[in-house]
Amino acid sequence: MSHTKQGVITIIESLMEDLNILIDEIRPVIESIEPTDLTQVQAHFDALVEKMKGLTDKTNLTYQLIQVVINSIHSSRSELKKSVDGLLKKTGVQLKKITTTTEEATNKILDVAEKLDSEQLIIIEKLDSLKNKDINQDEIIEDIKSMVYKNQDAAFTIIDYLQFQDITAQQISGAYALLSDTEKTLIYVSNLLKEFDMGDDSHDFTLPEIDPKSFNADAMFKDKGNIQNLIDDLFETGNTQIDIPADNEDVELKELPVASKDAVDDDFDIDALFKDNKEKSKDQASQDDIDKLFS
Amino acid sequence: MSNLKFLIVDDSPTMRRIVFNTLKRLGYNEIEEAEHGQEAMDKLKSIPGINFVVTDWNMPVMDGLQLVQEIRSNGDYAKIPILMVTTRSVKDDIIEAMKAGVNNYIVKPFTPEVLKAKIDAILSK
């Protein structure tokens, strides 16, 4: 396969050159043919046949090389299709799960925080009422203690909800694993086509490996009461026939319009989105600057 | 209750902290921590008195299932109670953990009540 290095194009150029040489050689022969000069004509045509055999060999070789290129292109497109239809779509779904998880957990925590906030005012009112010596102070104190204990429980609920961080970390690891697989596909495609590239430069992509043991991409943040009850039954009875339903959530991606050539915005700079925040902050106004504008 | 010494095994510092706080709230004050199964085995060997393991499943180096198998095959710790606390809720996984020798199994996210119930259930047997 050393010919692949010089490229199919070089072979074709060589073929074109040979054809031109052949045409240059045929022309004088045809022009010089006299009707009675048959032996000479025979000799010329024998020589031509030999040259054409050489051309046929080169054509066959070119055909084989083009076939290899076509096969490589076919493999590349198949792999790319798998990536787009499979891996990238799954990555999108995984990322959506993460957003949903963080949103749910954040809302639950906000609910508790809002309740705690309003309870503090009530506690303050009750404490203030203690200044009035005519009221039943013991009863008020017991009320306050009861509220403080409830608030302590609420604070602990927040701690429980923070388990979402572990769950989203595993979901993110799952998305990372999908991106890593996508990268491997792209490397494979790039390497398939490298043999036909005239240049010497190679593109090696390397994302740090992630230990597949260390995450569960299907982790979900939702009430596990029902499943926990079934697991408890399983452990209590040892009955492995108990049906434990899959804990899946159907996540749908919003349908996006099909990309067209016109859809690509040449001015869109994706790198700008990922600029170092320090760089960005130089251009960003501080809250003080903004306040001055509105004062 | 007071003579229980826990070993929490989880690669997430946040989860270790949550389990730690929950155990404290339930009245348990002797608690050690490990980031993965291998570190857990090292601590079991080096820190005396650990008599209850609460472990995650998905961890690097040595995962929770491997840790359970390692503990159950080690004569010194074979009988130590093990509670698995994990996001894995597929039935095949749960049965695999049961066969490996976990005493009970909690799916995340869990509540303190569930943790207490499972610890009590293990201790009562």
# chains A, B, ... in the order shown; residues from 1 in each chain; ligands from 1
>>> interface_residues(of="chain B", to="chain A", cutoff="7 Å", atoms="only C-alpha atoms", output="PyMOL selection string")
chain B and resi 12+14-15+18+58-60+63+87-91+104+106-107+109+111
>>> select_by_dssp(residues="chain B", states="alpha helix (DSSP H)", output="ChimeraX atom specification")
/B:13-25,37-46,64-72,91-100,112-124
>>> atom_distance(atom1="CA of Ala34 in chain B", atom2="CA of Phe20 in chain B")
11.7 Å
>>> select_by_dssp(residues="range 25-118 of chain B", states="strand (DSSP E or B)", output="PyMOL selection string")
chain B and resi 30-34+52-55+82-86+104-107
>>> write_last_selection(atoms="N, CA, C and O atoms", output="PDB file, in the first residue's frame")
ATOM      1  N   GLU B  30     -19.215   7.742  66.356  1.00  0.00           N
ATOM      2  CA  GLU B  30     -17.909   7.194  65.959  1.00  0.00           C
ATOM      3  C   GLU B  30     -17.983   6.808  64.487  1.00  0.00           C
ATOM      4  O   GLU B  30     -18.603   5.806  64.108  1.00  0.00           O
ATOM      5  N   ILE B  31     -17.352   7.640  63.690  1.00  0.00           N
ATOM      6  CA  ILE B  31     -17.507   7.476  62.233  1.00  0.00           C
ATOM      7  C   ILE B  31     -16.164   7.702  61.543  1.00  0.00           C
ATOM      8  O   ILE B  31     -15.503   8.710  61.775  1.00  0.00           O
ATOM      9  N   GLU B  32     -15.778   6.745  60.677  1.00  0.00           N
ATOM     10  CA  GLU B  32     -14.595   6.896  59.831  1.00  0.00           C
ATOM     11  C   GLU B  32     -15.069   7.003  58.385  1.00  0.00           C
ATOM     12  O   GLU B  32     -16.204   6.658  58.075  1.00  0.00           O
ATOM     13  N   GLU B  33     -14.165   7.451  57.514  1.00  0.00           N
ATOM     14  CA  GLU B  33     -14.535   7.625  56.103  1.00  0.00           C
ATOM     15  C   GLU B  33     -13.463   7.065  55.179  1.00  0.00           C
ATOM     16  O   GLU B  33     -12.277   7.065  55.523  1.00  0.00           O
ATOM     17  N   ALA B  34     -13.912   6.646  53.987  1.00  0.00           N
ATOM     18  CA  ALA B  34     -12.977   6.196  52.946  1.00  0.00           C
ATOM     19  C   ALA B  34     -13.524   6.586  51.587  1.00  0.00           C
ATOM     20  O   ALA B  34     -14.746   6.654  51.408  1.00  0.00           O
ATOM     21  N   PHE B  52     -19.390  -1.545  61.450  1.00  0.00           N
ATOM     22  CA  PHE B  52     -20.536  -1.349  60.563  1.00  0.00           C
ATOM     23  C   PHE B  52     -20.051  -0.575  59.356  1.00  0.00           C
ATOM     24  O   PHE B  52     -19.451   0.484  59.503  1.00  0.00           O
ATOM     25  N   VAL B  53     -20.318  -1.097  58.152  1.00  0.00           N
ATOM     26  CA  VAL B  53     -19.867  -0.434  56.921  1.00  0.00           C
ATOM     27  C   VAL B  53     -21.074   0.073  56.138  1.00  0.00           C
ATOM     28  O   VAL B  53     -22.037  -0.677  55.914  1.00  0.00           O
ATOM     29  N   VAL B  54     -21.015   1.345  55.744  1.00  0.00           N
ATOM     30  CA  VAL B  54     -22.038   1.928  54.865  1.00  0.00           C
ATOM     31  C   VAL B  54     -21.310   2.299  53.581  1.00  0.00           C
ATOM     32  O   VAL B  54     -20.447   3.175  53.590  1.00  0.00           O
ATOM     33  N   THR B  55     -21.634   1.618  52.497  1.00  0.00           N
ATOM     34  CA  THR B  55     -20.858   1.817  51.277  1.00  0.00           C
ATOM     35  C   THR B  55     -21.692   2.148  50.057  1.00  0.00           C
ATOM     36  O   THR B  55     -22.794   1.640  49.876  1.00  0.00           O
ATOM     37  N   ILE B  82     -22.989  -4.839  56.517  1.00  0.00           N
ATOM     38  CA  ILE B  82     -22.729  -3.944  55.387  1.00  0.00           C
ATOM     39  C   ILE B  82     -24.057  -3.444  54.849  1.00  0.00           C
ATOM     40  O   ILE B  82     -24.942  -4.227  54.501  1.00  0.00           O
ATOM     41  N   LEU B  83     -24.164  -2.133  54.774  1.00  0.00           N
ATOM     42  CA  LEU B  83     -25.346  -1.486  54.199  1.00  0.00           C
ATOM     43  C   LEU B  83     -24.894  -0.774  52.940  1.00  0.00           C
ATOM     44  O   LEU B  83     -23.985   0.049  52.974  1.00  0.00           O
ATOM     45  N   MET B  84     -25.534  -1.123  51.807  1.00  0.00           N
ATOM     46  CA  MET B  84     -25.153  -0.469  50.551  1.00  0.00           C
ATOM     47  C   MET B  84     -26.101   0.707  50.311  1.00  0.00           C
ATOM     48  O   MET B  84     -27.335   0.546  50.405  1.00  0.00           O
ATOM     49  N   VAL B  85     -25.535   1.873  50.005  1.00  0.00           N
ATOM     50  CA  VAL B  85     -26.335   3.068  49.725  1.00  0.00           C
ATOM     51  C   VAL B  85     -25.921   3.568  48.340  1.00  0.00           C
ATOM     52  O   VAL B  85     -24.805   4.060  48.161  1.00  0.00           O
ATOM     53  N   THR B  86     -26.797   3.429  47.349  1.00  0.00           N
ATOM     54  CA  THR B  86     -26.374   3.617  45.960  1.00  0.00           C
ATOM     55  C   THR B  86     -27.508   4.152  45.087  1.00  0.00           C
ATOM     56  O   THR B  86     -28.684   4.057  45.438  1.00  0.00           O
ATOM     57  N   ASN B 104     -28.261  -5.075  53.794  1.00  0.00           N
ATOM     58  CA  ASN B 104     -29.421  -4.322  53.351  1.00  0.00           C
ATOM     59  C   ASN B 104     -28.999  -3.309  52.300  1.00  0.00           C
ATOM     60  O   ASN B 104     -27.798  -3.125  52.030  1.00  0.00           O
ATOM     61  N   TYR B 105     -29.987  -2.640  51.683  1.00  0.00           N
ATOM     62  CA  TYR B 105     -29.723  -1.876  50.457  1.00  0.00           C
ATOM     63  C   TYR B 105     -30.630  -0.654  50.430  1.00  0.00           C
ATOM     64  O   TYR B 105     -31.842  -0.764  50.602  1.00  0.00           O
ATOM     65  N   ILE B 106     -30.029   0.515  50.246  1.00  0.00           N
ATOM     66  CA  ILE B 106     -30.805   1.760  50.172  1.00  0.00           C
ATOM     67  C   ILE B 106     -30.511   2.426  48.830  1.00  0.00           C
ATOM     68  O   ILE B 106     -29.350   2.506  48.419  1.00  0.00           O
ATOM     69  N   VAL B 107     -31.580   2.906  48.160  1.00  0.00           N
ATOM     70  CA  VAL B 107     -31.365   3.658  46.919  1.00  0.00           C
ATOM     71  C   VAL B 107     -31.368   5.158  47.219  1.00  0.00           C
ATOM     72  O   VAL B 107     -32.195   5.647  47.986  1.00  0.00           O
TER      73      VAL B 107
END
>>> atom_distance(atom1="CA of Gln38 in chain B", atom2="CA of Arg25 in chain B")
27.7 Å
>>> residues_around(residues="Glu39 in chain B", least_positions_apart="4", cutoff="10 Å", atoms="only C-alpha atoms", output="ChimeraX atom specification")
/B:9,33-35,43-45,61-62,67
>>> closest_residue(among="A:Glu79, A:Glu25, A:Asp143, A:Glu50", to="Glu183 in chain A", atoms="only C-alpha atoms")
A:Glu79
